[in-house]
file query_12.txt (compact mmCIF, C-alpha atoms and all ligand atoms)
# COMPACT_ATOMS: atom_id res chain seq x y z
CA MET A 1 121.71 126.31 117.16
CA ILE A 2 118.39 127.76 115.98
CA VAL A 3 117.40 131.33 115.35
CA VAL A 4 113.69 131.80 115.92
CA MET A 5 112.21 134.64 113.89
CA LYS A 6 109.28 136.70 115.11
CA VAL A 7 105.83 136.12 113.57
CA GLY A 8 105.53 138.25 110.44
CA SER A 9 109.27 138.66 109.81
CA PRO A 10 109.77 140.06 106.31
CA ALA A 11 111.21 137.57 103.81
CA GLU A 12 113.99 140.03 102.85
CA GLU A 13 115.10 140.25 106.47
CA ILE A 14 115.25 136.45 106.78
CA GLU A 15 117.24 136.42 103.55
CA ARG A 16 119.61 139.13 104.82
CA ILE A 17 120.26 137.33 108.11
CA SER A 18 120.82 134.02 106.30
CA GLN A 19 123.34 135.71 104.03
CA GLU A 20 125.15 137.08 107.05
CA PHE A 21 125.45 133.54 108.45
CA VAL A 22 126.81 132.35 105.10
CA ASP A 23 129.41 135.13 105.30
CA TRP A 24 130.39 133.77 108.71
CA GLY A 25 131.05 130.38 107.07
CA LEU A 26 127.85 128.70 108.35
CA SER A 27 125.15 126.84 106.38
CA PRO A 28 121.81 128.30 107.44
CA GLU A 29 118.70 126.21 106.78
CA LYS A 30 115.35 127.95 106.61
CA ILE A 31 112.59 125.95 108.27
CA VAL A 32 109.13 127.32 107.59
CA GLY A 33 106.77 126.28 110.37
CA LYS A 34 103.03 126.82 110.64
CA HIS A 35 103.49 130.06 112.57
CA LYS A 36 107.14 130.98 112.56
CA VAL A 37 110.28 130.72 110.51
CA VAL A 38 113.31 129.18 112.20
CA ILE A 39 116.83 129.38 110.82
CA GLY A 40 118.79 126.24 111.69
CA LEU A 41 122.54 126.51 112.04
CA VAL A 42 124.65 123.36 112.11
CA GLY A 43 128.44 123.38 112.12
CA GLU A 44 131.01 125.34 114.05
CA THR A 45 128.56 127.09 116.33
CA ALA A 46 130.27 126.38 119.67
CA SER A 47 132.11 129.70 119.67
CA LEU A 48 129.04 131.74 118.70
CA ASP A 49 127.37 133.82 121.35
CA PRO A 50 123.55 133.62 121.15
CA LEU A 51 123.22 137.14 122.57
CA GLN A 52 125.47 138.52 119.85
CA ILE A 53 123.40 136.82 117.16
CA GLN A 54 120.23 138.20 118.72
CA GLU A 55 121.55 141.69 118.04
CA ILE A 56 121.84 141.35 114.28
CA SER A 57 118.12 141.93 113.73
CA PRO A 58 115.13 143.23 115.70
CA TRP A 59 113.10 140.48 114.00
CA ILE A 60 114.97 137.73 115.86
CA GLU A 61 112.81 136.46 118.73
CA ASN A 62 115.47 134.27 120.34
CA VAL A 63 118.51 132.13 119.69
CA LEU A 64 118.69 128.67 121.21
CA ARG A 65 121.34 126.00 121.32
CA VAL A 66 120.31 122.48 120.25
CA GLU A 67 121.59 120.35 123.08
CA GLN A 68 121.12 116.94 121.43
CA PRO A 69 123.93 115.33 119.40
CA PHE A 70 121.42 114.76 116.60
CA LYS A 71 120.77 118.31 115.45
CA ARG A 72 118.53 118.30 112.39
CA ALA A 73 116.58 115.29 113.67
CA SER A 74 115.86 116.90 117.03
CA LEU A 75 112.49 118.33 117.96
CA GLU A 76 114.30 121.46 119.14
CA TYR A 77 115.66 122.07 115.64
CA ARG A 78 112.12 122.62 114.39
CA HIS A 79 111.20 124.52 117.52
CA GLY A 80 108.76 121.82 118.60
CA GLU A 81 106.94 121.41 115.31
CA TYR A 82 106.56 117.86 114.01
CA SER A 83 107.47 117.26 110.38
CA GLU A 84 105.47 115.45 107.73
CA VAL A 85 106.69 113.26 104.93
CA ILE A 86 104.54 113.69 101.86
CA VAL A 87 104.76 110.78 99.46
CA ASN A 88 103.50 111.07 95.92
CA THR A 89 101.74 107.83 95.11
CA PRO A 90 99.82 107.09 91.89
CA ASP A 91 96.60 107.68 93.84
CA GLY A 92 97.82 111.08 95.04
CA PRO A 93 99.85 112.42 97.93
CA VAL A 94 99.91 110.50 101.20
CA VAL A 95 101.00 112.41 104.28
CA VAL A 96 102.85 110.50 106.97
CA GLY A 97 103.06 112.47 110.18
CA LYS A 98 101.55 113.37 113.50
CA ASN A 99 97.93 114.54 113.35
CA HIS A 100 97.37 112.74 110.04
CA PRO A 101 95.55 109.46 109.44
CA VAL A 102 97.64 106.38 110.21
CA ALA A 103 99.28 105.35 106.94
CA VAL A 104 99.30 101.57 106.60
CA VAL A 105 101.99 99.77 104.61
CA ALA A 106 101.25 96.15 103.80
CA GLY A 107 102.54 93.39 101.59
CA PRO A 108 104.76 90.35 101.48
CA CYS A 109 108.25 90.13 102.86
CA SER A 110 109.57 89.33 99.36
CA VAL A 111 108.20 89.83 95.89
CA GLU A 112 107.88 86.22 94.72
CA ASN A 113 105.98 86.33 91.43
CA GLU A 114 103.61 88.55 89.48
CA ALA A 115 100.36 86.87 90.51
CA MET A 116 101.07 87.04 94.23
CA ILE A 117 102.24 90.63 94.28
CA ILE A 118 99.34 91.92 92.18
CA GLU A 119 96.80 89.94 94.18
CA THR A 120 98.29 91.16 97.48
CA ALA A 121 98.40 94.75 96.25
CA LYS A 122 94.74 94.71 95.30
CA ARG A 123 93.66 93.07 98.54
CA VAL A 124 95.60 95.37 100.85
CA LYS A 125 94.46 98.41 98.87
CA ALA A 126 90.82 97.35 99.22
CA ALA A 127 91.35 96.99 102.97
CA GLY A 128 92.68 100.53 103.27
CA ALA A 129 96.48 100.30 102.94
CA LYS A 130 98.21 103.25 101.26
CA PHE A 131 101.51 101.51 100.46
CA LEU A 132 102.60 98.13 99.16
CA ARG A 133 105.79 96.72 100.61
CA GLY A 134 107.84 93.89 99.13
CA GLY A 135 111.52 93.09 98.99
CA ALA A 136 113.37 92.72 95.71
CA TYR A 137 116.75 92.58 97.45
CA LYS A 138 116.54 90.66 100.70
CA PRO A 139 119.00 90.78 103.60
CA ARG A 140 119.08 87.12 104.70
CA THR A 141 121.07 85.67 107.55
CA SER A 142 122.04 82.67 105.44
CA PRO A 143 123.59 83.02 102.00
CA TYR A 144 121.66 79.86 101.05
CA SER A 145 118.25 81.41 101.78
CA PHE A 146 116.16 83.10 99.09
CA GLN A 147 117.88 86.40 98.34
CA GLY A 148 115.05 88.10 96.43
CA HIS A 149 114.53 88.24 92.68
CA GLY A 150 116.37 91.56 92.34
CA GLU A 151 115.76 93.63 89.24
CA SER A 152 112.94 91.48 87.88
CA ALA A 153 111.09 91.95 91.20
CA LEU A 154 111.36 95.72 90.73
CA GLU A 155 109.46 95.33 87.46
CA LEU A 156 106.77 93.37 89.28
CA LEU A 157 106.53 96.12 91.90
CA ALA A 158 106.10 98.65 89.11
CA ALA A 159 103.28 96.54 87.68
CA ALA A 160 101.64 96.26 91.12
CA ARG A 161 101.94 100.03 91.56
CA GLU A 162 100.20 100.57 88.27
CA ALA A 163 97.50 97.98 88.97
CA SER A 164 96.69 99.18 92.49
CA GLY A 165 97.55 102.87 92.71
CA LEU A 166 99.50 102.16 95.90
CA GLY A 167 102.84 103.74 96.73
CA ILE A 168 105.76 101.30 96.77
CA ILE A 169 108.21 100.74 99.62
CA THR A 170 111.18 98.49 99.02
CA GLU A 171 114.62 98.01 100.51
CA VAL A 172 117.99 99.05 99.19
CA MET A 173 120.93 96.97 100.37
CA ASP A 174 123.59 98.11 97.93
CA ALA A 175 124.08 101.73 96.86
CA ALA A 176 124.76 100.48 93.34
CA ASP A 177 121.06 99.52 93.08
CA LEU A 178 119.75 102.82 94.39
CA GLU A 179 119.02 104.43 91.07
CA LYS A 180 116.98 101.59 89.64
CA ILE A 181 115.13 101.12 92.94
CA GLY A 182 114.34 104.84 92.90
CA GLU A 183 112.67 104.47 89.52
CA VAL A 184 110.03 102.20 91.07
CA ALA A 185 109.93 102.95 94.79
CA ASP A 186 108.06 105.88 96.28
CA VAL A 187 109.88 105.33 99.57
CA ILE A 188 113.33 103.76 99.91
CA GLN A 189 113.73 101.41 102.85
CA VAL A 190 117.02 101.06 104.72
CA GLY A 191 116.74 97.85 106.70
CA ALA A 192 117.71 97.11 110.29
CA ARG A 193 120.96 95.47 109.24
CA ASN A 194 122.06 98.56 107.34
CA MET A 195 120.99 101.18 109.83
CA GLN A 196 124.61 102.05 110.50
CA ASN A 197 125.88 101.59 106.97
CA PHE A 198 126.99 105.19 106.89
CA SER A 199 128.03 105.27 103.25
CA LEU A 200 124.59 103.93 102.26
CA LEU A 201 122.92 106.52 104.52
CA LYS A 202 124.85 109.31 102.79
CA LYS A 203 123.75 107.98 99.40
CA VAL A 204 120.06 107.78 100.30
CA GLY A 205 120.44 111.24 101.77
CA ALA A 206 121.73 112.53 98.46
CA GLN A 207 118.71 111.34 96.46
CA ASP A 208 115.24 112.80 96.70
CA LYS A 209 112.90 109.90 97.51
CA PRO A 210 111.66 109.67 101.13
CA VAL A 211 113.62 107.22 103.28
CA LEU A 212 112.20 104.66 105.71
CA LEU A 213 114.92 104.03 108.27
CA LYS A 214 114.43 100.87 110.30
CA ARG A 215 115.91 100.63 113.75
CA GLY A 216 118.94 98.36 113.96
CA MET A 217 118.25 95.26 115.99
CA SER A 218 120.53 96.35 118.79
CA ALA A 219 120.57 100.08 118.17
CA THR A 220 119.98 102.55 120.95
CA ILE A 221 117.56 105.38 120.26
CA ASP A 222 120.47 107.84 120.06
CA GLU A 223 122.27 105.66 117.50
CA TRP A 224 119.08 105.41 115.46
CA LEU A 225 118.57 109.17 115.51
CA MET A 226 122.22 109.74 114.59
CA ALA A 227 121.67 107.42 111.61
CA ALA A 228 118.69 109.58 110.61
CA GLU A 229 120.93 112.61 111.03
CA TYR A 230 123.24 111.20 108.32
CA VAL A 231 120.35 111.20 105.85
CA LEU A 232 119.20 114.68 106.87
CA ALA A 233 122.74 116.07 106.81
CA ALA A 234 123.20 114.73 103.28
CA GLY A 235 120.27 116.90 102.17
CA ASN A 236 117.20 114.68 102.34
CA PRO A 237 114.69 115.93 104.95
CA GLN A 238 112.16 113.16 104.29
CA VAL A 239 112.87 110.46 106.83
CA ILE A 240 110.42 108.12 108.57
CA LEU A 241 111.68 106.11 111.56
CA CYS A 242 110.51 102.49 111.76
CA GLU A 243 110.63 100.48 114.98
CA ARG A 244 110.83 96.77 114.09
CA GLY A 245 111.82 95.16 117.36
CA ILE A 246 115.14 94.81 119.09
CA ARG A 247 117.15 91.86 120.38
CA THR A 248 116.78 91.31 124.08
CA PHE A 249 117.45 88.34 126.37
CA ASP A 250 114.29 86.41 125.53
CA GLY A 251 113.96 85.34 121.93
CA LYS A 252 112.03 82.17 122.69
CA TYR A 253 108.45 83.33 122.22
CA THR A 254 108.89 86.31 119.98
CA ARG A 255 111.44 86.94 117.24
CA ASN A 256 112.28 90.36 118.68
CA THR A 257 111.04 92.62 121.45
CA LEU A 258 108.84 95.27 119.89
CA ASP A 259 109.76 98.47 121.69
CA LEU A 260 106.52 100.43 121.68
CA SER A 261 107.90 102.78 124.29
CA VAL A 262 109.80 104.45 121.44
CA LEU A 263 106.54 106.19 120.55
CA PRO A 264 106.46 108.61 123.51
CA VAL A 265 110.25 108.69 123.69
CA LEU A 266 110.74 109.66 120.04
CA ARG A 267 107.94 112.21 120.28
CA SER A 268 109.91 113.98 122.96
CA LEU A 269 113.17 113.87 121.02
CA THR A 270 112.48 114.19 117.32
CA HIS A 271 110.12 115.81 114.83
CA LEU A 272 110.37 112.86 112.43
CA PRO A 273 107.32 110.67 111.67
CA ILE A 274 107.20 107.20 113.21
CA MET A 275 106.22 103.79 111.83
CA ILE A 276 105.76 100.58 113.84
CA ASP A 277 106.37 97.14 112.31
CA PRO A 278 104.75 94.51 114.54
CA SER A 279 105.44 91.78 111.95
CA HIS A 280 109.22 91.75 112.35
CA GLY A 281 108.72 93.01 115.89
CA THR A 282 107.00 89.81 117.03
CA GLY A 283 107.77 87.30 114.28
CA LYS A 284 104.37 85.62 114.77
CA SER A 285 101.23 86.48 112.87
CA ASP A 286 99.02 85.76 115.91
CA TYR A 287 100.74 88.52 117.86
CA VAL A 288 100.58 91.16 115.12
CA PRO A 289 96.99 92.44 115.65
CA SER A 290 97.34 93.32 119.33
CA MET A 291 100.66 95.08 118.79
CA ALA A 292 99.26 96.97 115.79
CA ALA A 293 96.31 98.11 117.88
CA ALA A 294 98.59 99.13 120.74
CA ALA A 295 100.80 101.11 118.34
CA ILE A 296 97.80 103.09 117.09
CA ALA A 297 96.58 103.72 120.63
CA ALA A 298 100.10 104.97 121.45
CA ASP A 299 99.90 107.42 118.54
CA THR A 300 102.00 105.88 115.78
CA ASP A 301 101.94 107.70 112.44
CA SER A 302 102.07 104.54 110.36
CA LEU A 303 102.20 100.76 110.47
CA MET A 304 104.01 98.12 108.45
CA ILE A 305 102.27 94.75 108.25
CA GLU A 306 103.46 91.72 106.28
CA VAL A 307 100.68 90.11 104.26
CA HIS A 308 101.04 87.04 102.02
CA PRO A 309 98.35 85.18 100.06
CA ASN A 310 99.70 81.86 101.33
CA PRO A 311 101.98 82.36 104.36
CA ALA A 312 102.73 78.63 104.67
CA LYS A 313 104.40 78.74 101.26
CA ALA A 314 106.14 82.12 101.63
CA LEU A 315 109.79 82.26 100.58
CA SER A 316 110.58 84.49 103.57
CA ASP A 317 108.88 85.49 106.83
CA GLY A 318 105.78 83.28 106.38
CA PRO A 319 105.26 82.75 110.14
CA GLN A 320 104.74 86.46 110.74
CA SER A 321 102.63 87.17 107.64
CA LEU A 322 98.87 87.65 107.76
CA THR A 323 96.61 86.25 105.07
CA PRO A 324 94.63 88.90 103.15
CA ASP A 325 91.48 87.79 105.02
CA LYS A 326 93.16 88.29 108.38
CA PHE A 327 94.48 91.64 107.21
CA ASP A 328 90.91 92.69 106.28
CA ARG A 329 89.74 91.83 109.77
CA LEU A 330 92.68 93.61 111.35
CA MET A 331 92.00 96.79 109.39
CA GLN A 332 88.38 96.76 110.52
CA ASP A 333 89.45 96.36 114.13
CA LEU A 334 92.11 99.05 113.82
CA SER A 335 89.63 101.46 112.32
CA ILE A 336 87.71 101.50 115.61
CA ILE A 337 90.76 102.70 117.54
CA GLY A 338 91.91 104.91 114.69
CA LYS A 339 88.55 106.70 114.50
CA THR A 340 88.42 107.12 118.27
CA ILE A 341 91.62 109.13 118.17
CA ALA A 342 90.63 110.83 114.88
CA ARG A 343 93.54 109.23 113.01
CA TRP A 344 91.85 106.96 110.50
CA PRO A 345 91.35 107.78 106.83
CA GLN A 346 87.89 108.67 105.66
CA VAL A 347 86.68 105.69 103.70
CA GLU A 348 85.15 106.82 100.46
CA VAL A 349 82.07 104.74 99.90
CA ALA A 350 81.29 104.38 96.24
CA LEU A 351 77.63 105.16 95.73
CA ALA A 352 75.78 103.00 93.25
C1 LIG B 1 111.81 93.59 105.91
O1 LIG B 1 111.18 94.66 106.02
O2 LIG B 1 111.41 92.62 105.25
C2 LIG B 1 113.08 93.44 106.66
C3 LIG B 1 114.05 92.65 106.25
O3 LIG B 1 113.07 94.19 107.77
P1 LIG B 1 114.19 94.43 108.88
O4 LIG B 1 115.29 95.18 108.21
O5 LIG B 1 113.46 95.22 109.91
O6 LIG B 1 114.62 93.07 109.39
MN MN B 2 110.32 90.40 106.22

call {"tool": "encode", "arguments": {"input": "query_12.txt", "output": "structure tokens", "more": "lines below"}}
Ligand code: PEP
Ligand code: MN
result
Amino acid sequence: MIVVMKVGSPAEEIERISQEFVDWGLSPEKIVGKHKVVIGLVGETASLDPLQIQEISPWIENVLRVEQPFKRASLEYRHGEYSEVIVNTPDGPVVVGKNHPVAVVAGPCSVENEAMIIETAKRVKAAGAKFLRGGAYKPRTSPYSFQGHGESALELLAAAREASGLGIITEVMDAADLEKIGEVADVIQVGARNMQNFSLLKKVGAQDKPVLLKRGMSATIDEWLMAAEYVLAAGNPQVILCERGIRTFDGKYTRNTLDLSVLPVLRSLTHLPIMIDPSHGTGKSDYVPSMAAAAIAADTDSLMIEVHPNPAKALSDGPQSLTPDKFDRLMQDLSIIGKTIARWPQVEVALA
């Protein structure tokens, strides 16, 4: 249920109403929008009568029930206002959200060694990326495949962060590693295979770094949004949803089926920012550029692209990784679409 306050409602009145809800045993959440303040109420609201609530203050504009099962994640909960995730990177804050420049995340599937991660960081930064991705802990189908270098890879990510100024995005698989990952990462990734690891979701919800929540490979949109709801309900409002392809009947030509239709669908359901990952979505580097371009045209807020200095030798996901040269070209091509829809960062040209 949401209580929409009138424009110009005095802060003391909002405070008084919130206190009244607390006295009723509810947990009010104040959401400050661009024009209005909304008080969100989640919990035992079924027996509450919206008309009765309306009467507690002349400053209440209206009281609406949130019909969706995902409450905090719903667009209704913020009364139609899209949220932004602001990430503090060494180069300054990067805003991920609707009406902001497309934030590009790039880097290798796994952090393999210092030279490759630093080189990749510098190259993707020069091409316009805002974040470096790279796995230290890798979820692999086979226990005999490369599992990531773990803690030592976190140190390499910290070095790459320092050398490039980029924000770092890396995956947590085990809650026991969360604290040390949080010391390096600017955004914590929960991978497709852990999208419904509810205890992990509660833990990432209880820490304060933004969370990148990938869609499970056979998750419905409702299941995905309910997973986001776990993070939000645990107290962390900074969630970005990442579509990375789903399993369908045809896995012969692409690794997954990249579901770009989530862009308009999610826009109608949730206020949360959206990222598209055409690398895992297609599994083939040749198919990444067209899907990245389509995602921007369909209004994505961010992109995740795997880039490796030598894809043929990559320890994981080589076939879907672009070389830095190909990534340069892709960014130039994407800038044309991005500028057309006024969603591409201003490139600061250094004057001699
Ligand atoms: C990854 O980002 O490298 C990864 C393992 O992604 P996903 O969880 O989408 O498979
Ligand atoms: Mn990968």

call {"tool": "residues_around", "arguments": {"input": "query_12.txt", "residues": "region 261-276 of chain A", "least_positions_apart": "3", "cutoff": "10 Å", "atoms": "all atoms listed in the file", "output": "number ranges by chain"}}
result
A: 68, 70-85, 95-98, 102-105, 212-214, 221-222, 225, 228, 237-245, 258, 279-281, 291-292, 295-296, 298-305

call {"tool": "residues_near_ligand", "arguments": {"input": "query_12.txt", "ligand": "ligand LIG 1 (chain B)", "cutoff": "9 Å", "atoms": "only C-alpha atoms and all ligand atoms", "output": "JSON, numbers by chain"}}
result
{"A": [108, 109, 110, 133, 134, 135, 138, 139, 140, 170, 171, 189, 190, 191, 192, 193, 194, 195, 213, 214, 215, 216, 217, 242, 243, 244, 245, 277, 279, 280, 281, 304, 306, 316, 317]}

call {"tool": "write_last_selection", "arguments": {"input": "query_12.txt", "atoms": "C-alpha atoms", "output": "compact mmCIF listing (two decimals), in the coordinates of the input"}}
result
# COMPACT_ATOMS: atom_id res chain seq x y z
CA PRO A 108 104.76 90.35 101.48
CA CYS A 109 108.25 90.13 102.86
CA SER A 110 109.57 89.33 99.36
CA ARG A 133 105.79 96.72 100.61
CA GLY A 134 107.84 93.89 99.13
CA GLY A 135 111.52 93.09 98.99
CA LYS A 138 116.54 90.66 100.70
CA PRO A 139 119.00 90.78 103.60
CA ARG A 140 119.08 87.12 104.70
CA THR A 170 111.18 98.49 99.02
CA GLU A 171 114.62 98.01 100.51
CA GLN A 189 113.73 101.41 102.85
CA VAL A 190 117.02 101.06 104.72
CA GLY A 191 116.74 97.85 106.70
CA ALA A 192 117.71 97.11 110.29
CA ARG A 193 120.96 95.47 109.24
CA ASN A 194 122.06 98.56 107.34
CA MET A 195 120.99 101.18 109.83
CA LEU A 213 114.92 104.03 108.27
CA LYS A 214 114.43 100.87 110.30
CA ARG A 215 115.91 100.63 113.75
CA GLY A 216 118.94 98.36 113.96
CA MET A 217 118.25 95.26 115.99
CA CYS A 242 110.51 102.49 111.76
CA GLU A 243 110.63 100.48 114.98
CA ARG A 244 110.83 96.77 114.09
CA GLY A 245 111.82 95.16 117.36
CA ASP A 277 106.37 97.14 112.31
CA SER A 279 105.44 91.78 111.95
CA HIS A 280 109.22 91.75 112.35
CA GLY A 281 108.72 93.01 115.89
CA MET A 304 104.01 98.12 108.45
CA GLU A 306 103.46 91.72 106.28
CA SER A 316 110.58 84.49 103.57
CA ASP A 317 108.88 85.49 106.83

call {"tool": "closest_residue", "arguments": {"input": "query_12.txt", "among": "A:Leu64, A:Val111, A:Ile118, A:Ala163", "to": "ligand MN 2 (chain B)", "atoms": "only C-alpha atoms and all ligand atoms"}}
result
A:Val111

call {"tool": "residues_around", "arguments": {"input": "query_12.txt", "residues": "Lys125 (chain A)", "least_positions_apart": "5", "cutoff": "9 Å", "atoms": "only C-alpha atoms", "output": "list in words"}}
result
Ala106, Thr120, Lys130, Phe131, Leu132, Ser164, Gly165 and Leu166 of chain A

call {"tool": "closest_residue", "arguments": {"input": "query_12.txt", "among": "A:Pro278, A:Pro69, A:Gly40, A:Pro50", "to": "Trp224 (chain A)", "atoms": "all atoms listed in the file"}}
result
A:Pro69

call {"tool": "atom_distance", "arguments": {"input": "query_12.txt", "atom1": "CA of Ser218 (chain A)", "atom2": "CA of Gly148 (chain A)"}}
result
24.5 Å

call {"tool": "residues_around", "arguments": {"input": "query_12.txt", "residues": "Gly235 (chain A)", "least_positions_apart": "2", "cutoff": "9 Å", "atoms": "only C-alpha atoms", "output": "PyMOL selection string"}}
result
chain A and resi 202+205-208+230-233+237

call {"tool": "decode", "arguments": {"input": "query_12.txt", "residues": "region 286-306 of chain A", "atoms": "N, CA and C atoms", "output": "PDB file, in the first residue's frame"}}
result
ATOM      1  N   ASP A 286      30.442 -12.766 -32.182  1.00  0.00           N
ATOM      2  CA  ASP A 286      29.924 -12.160 -33.425  1.00  0.00           C
ATOM      3  C   ASP A 286      28.509 -11.616 -33.255  1.00  0.00           C
ATOM      4  N   TYR A 287      27.778 -12.174 -32.318  1.00  0.00           N
ATOM      5  CA  TYR A 287      26.372 -11.774 -32.158  1.00  0.00           C
ATOM      6  C   TYR A 287      26.205 -10.653 -31.116  1.00  0.00           C
ATOM      7  N   VAL A 288      27.288 -10.351 -30.421  1.00  0.00           N
ATOM      8  CA  VAL A 288      27.175  -9.365 -29.329  1.00  0.00           C
ATOM      9  C   VAL A 288      26.851  -7.955 -29.838  1.00  0.00           C
ATOM     10  N   PRO A 289      27.548  -7.454 -30.900  1.00  0.00           N
ATOM     11  CA  PRO A 289      27.292  -6.054 -31.295  1.00  0.00           C
ATOM     12  C   PRO A 289      25.843  -5.765 -31.654  1.00  0.00           C
ATOM     13  N   SER A 290      25.207  -6.647 -32.444  1.00  0.00           N
ATOM     14  CA  SER A 290      23.831  -6.318 -32.854  1.00  0.00           C
ATOM     15  C   SER A 290      22.885  -6.340 -31.667  1.00  0.00           C
ATOM     16  N   MET A 291      23.106  -7.265 -30.735  1.00  0.00           N
ATOM     17  CA  MET A 291      22.217  -7.317 -29.566  1.00  0.00           C
ATOM     18  C   MET A 291      22.466  -6.134 -28.625  1.00  0.00           C
ATOM     19  N   ALA A 292      23.728  -5.691 -28.552  1.00  0.00           N
ATOM     20  CA  ALA A 292      24.030  -4.511 -27.722  1.00  0.00           C
ATOM     21  C   ALA A 292      23.345  -3.281 -28.310  1.00  0.00           C
ATOM     22  N   ALA A 293      23.416  -3.161 -29.629  1.00  0.00           N
ATOM     23  CA  ALA A 293      22.782  -2.015 -30.299  1.00  0.00           C
ATOM     24  C   ALA A 293      21.266  -2.062 -30.093  1.00  0.00           C
ATOM     25  N   ALA A 294      20.703  -3.250 -30.229  1.00  0.00           N
ATOM     26  CA  ALA A 294      19.248  -3.386 -30.062  1.00  0.00           C
ATOM     27  C   ALA A 294      18.839  -3.031 -28.631  1.00  0.00           C
ATOM     28  N   ALA A 295      19.665  -3.431 -27.673  1.00  0.00           N
ATOM     29  CA  ALA A 295      19.342  -3.141 -26.265  1.00  0.00           C
ATOM     30  C   ALA A 295      19.321  -1.630 -26.027  1.00  0.00           C
ATOM     31  N   ILE A 296      20.270  -0.915 -26.634  1.00  0.00           N
ATOM     32  CA  ILE A 296      20.274   0.548 -26.450  1.00  0.00           C
ATOM     33  C   ILE A 296      19.050   1.161 -27.126  1.00  0.00           C
ATOM     34  N   ALA A 297      18.759   0.688 -28.335  1.00  0.00           N
ATOM     35  CA  ALA A 297      17.584   1.221 -29.038  1.00  0.00           C
ATOM     36  C   ALA A 297      16.311   0.959 -28.234  1.00  0.00           C
ATOM     37  N   ALA A 298      16.302  -0.155 -27.479  1.00  0.00           N
ATOM     38  CA  ALA A 298      15.109  -0.498 -26.685  1.00  0.00           C
ATOM     39  C   ALA A 298      15.180   0.093 -25.287  1.00  0.00           C
ATOM     40  N   ASP A 299      16.147   1.012 -25.084  1.00  0.00           N
ATOM     41  CA  ASP A 299      16.162   1.840 -23.873  1.00  0.00           C
ATOM     42  C   ASP A 299      16.767   1.180 -22.626  1.00  0.00           C
ATOM     43  N   THR A 300      17.767   0.327 -22.823  1.00  0.00           N
ATOM     44  CA  THR A 300      18.429  -0.228 -21.636  1.00  0.00           C
ATOM     45  C   THR A 300      19.171   0.879 -20.886  1.00  0.00           C
ATOM     46  N   ASP A 301      19.373   0.668 -19.583  1.00  0.00           N
ATOM     47  CA  ASP A 301      20.104   1.657 -18.784  1.00  0.00           C
ATOM     48  C   ASP A 301      21.598   1.345 -18.762  1.00  0.00           C
ATOM     49  N   SER A 302      21.930   0.089 -19.014  1.00  0.00           N
ATOM     50  CA  SER A 302      23.346  -0.279 -18.993  1.00  0.00           C
ATOM     51  C   SER A 302      23.556  -1.567 -19.770  1.00  0.00           C
ATOM     52  N   LEU A 303      24.829  -1.825 -20.070  1.00  0.00           N
ATOM     53  CA  LEU A 303      25.210  -3.016 -20.831  1.00  0.00           C
ATOM     54  C   LEU A 303      26.362  -3.693 -20.145  1.00  0.00           C
ATOM     55  N   MET A 304      26.418  -5.026 -20.227  1.00  0.00           N
ATOM     56  CA  MET A 304      27.580  -5.770 -19.752  1.00  0.00           C
ATOM     57  C   MET A 304      28.171  -6.524 -20.936  1.00  0.00           C
ATOM     58  N   ILE A 305      29.435  -6.257 -21.210  1.00  0.00           N
ATOM     59  CA  ILE A 305      30.085  -6.862 -22.380  1.00  0.00           C
ATOM     60  C   ILE A 305      31.385  -7.531 -21.926  1.00  0.00           C
ATOM     61  N   GLU A 306      31.558  -8.806 -22.279  1.00  0.00           N
ATOM     62  CA  GLU A 306      32.824  -9.463 -21.925  1.00  0.00           C
ATOM     63  C   GLU A 306      33.907  -9.131 -22.960  1.00  0.00           C
TER      64      GLU A 306
END
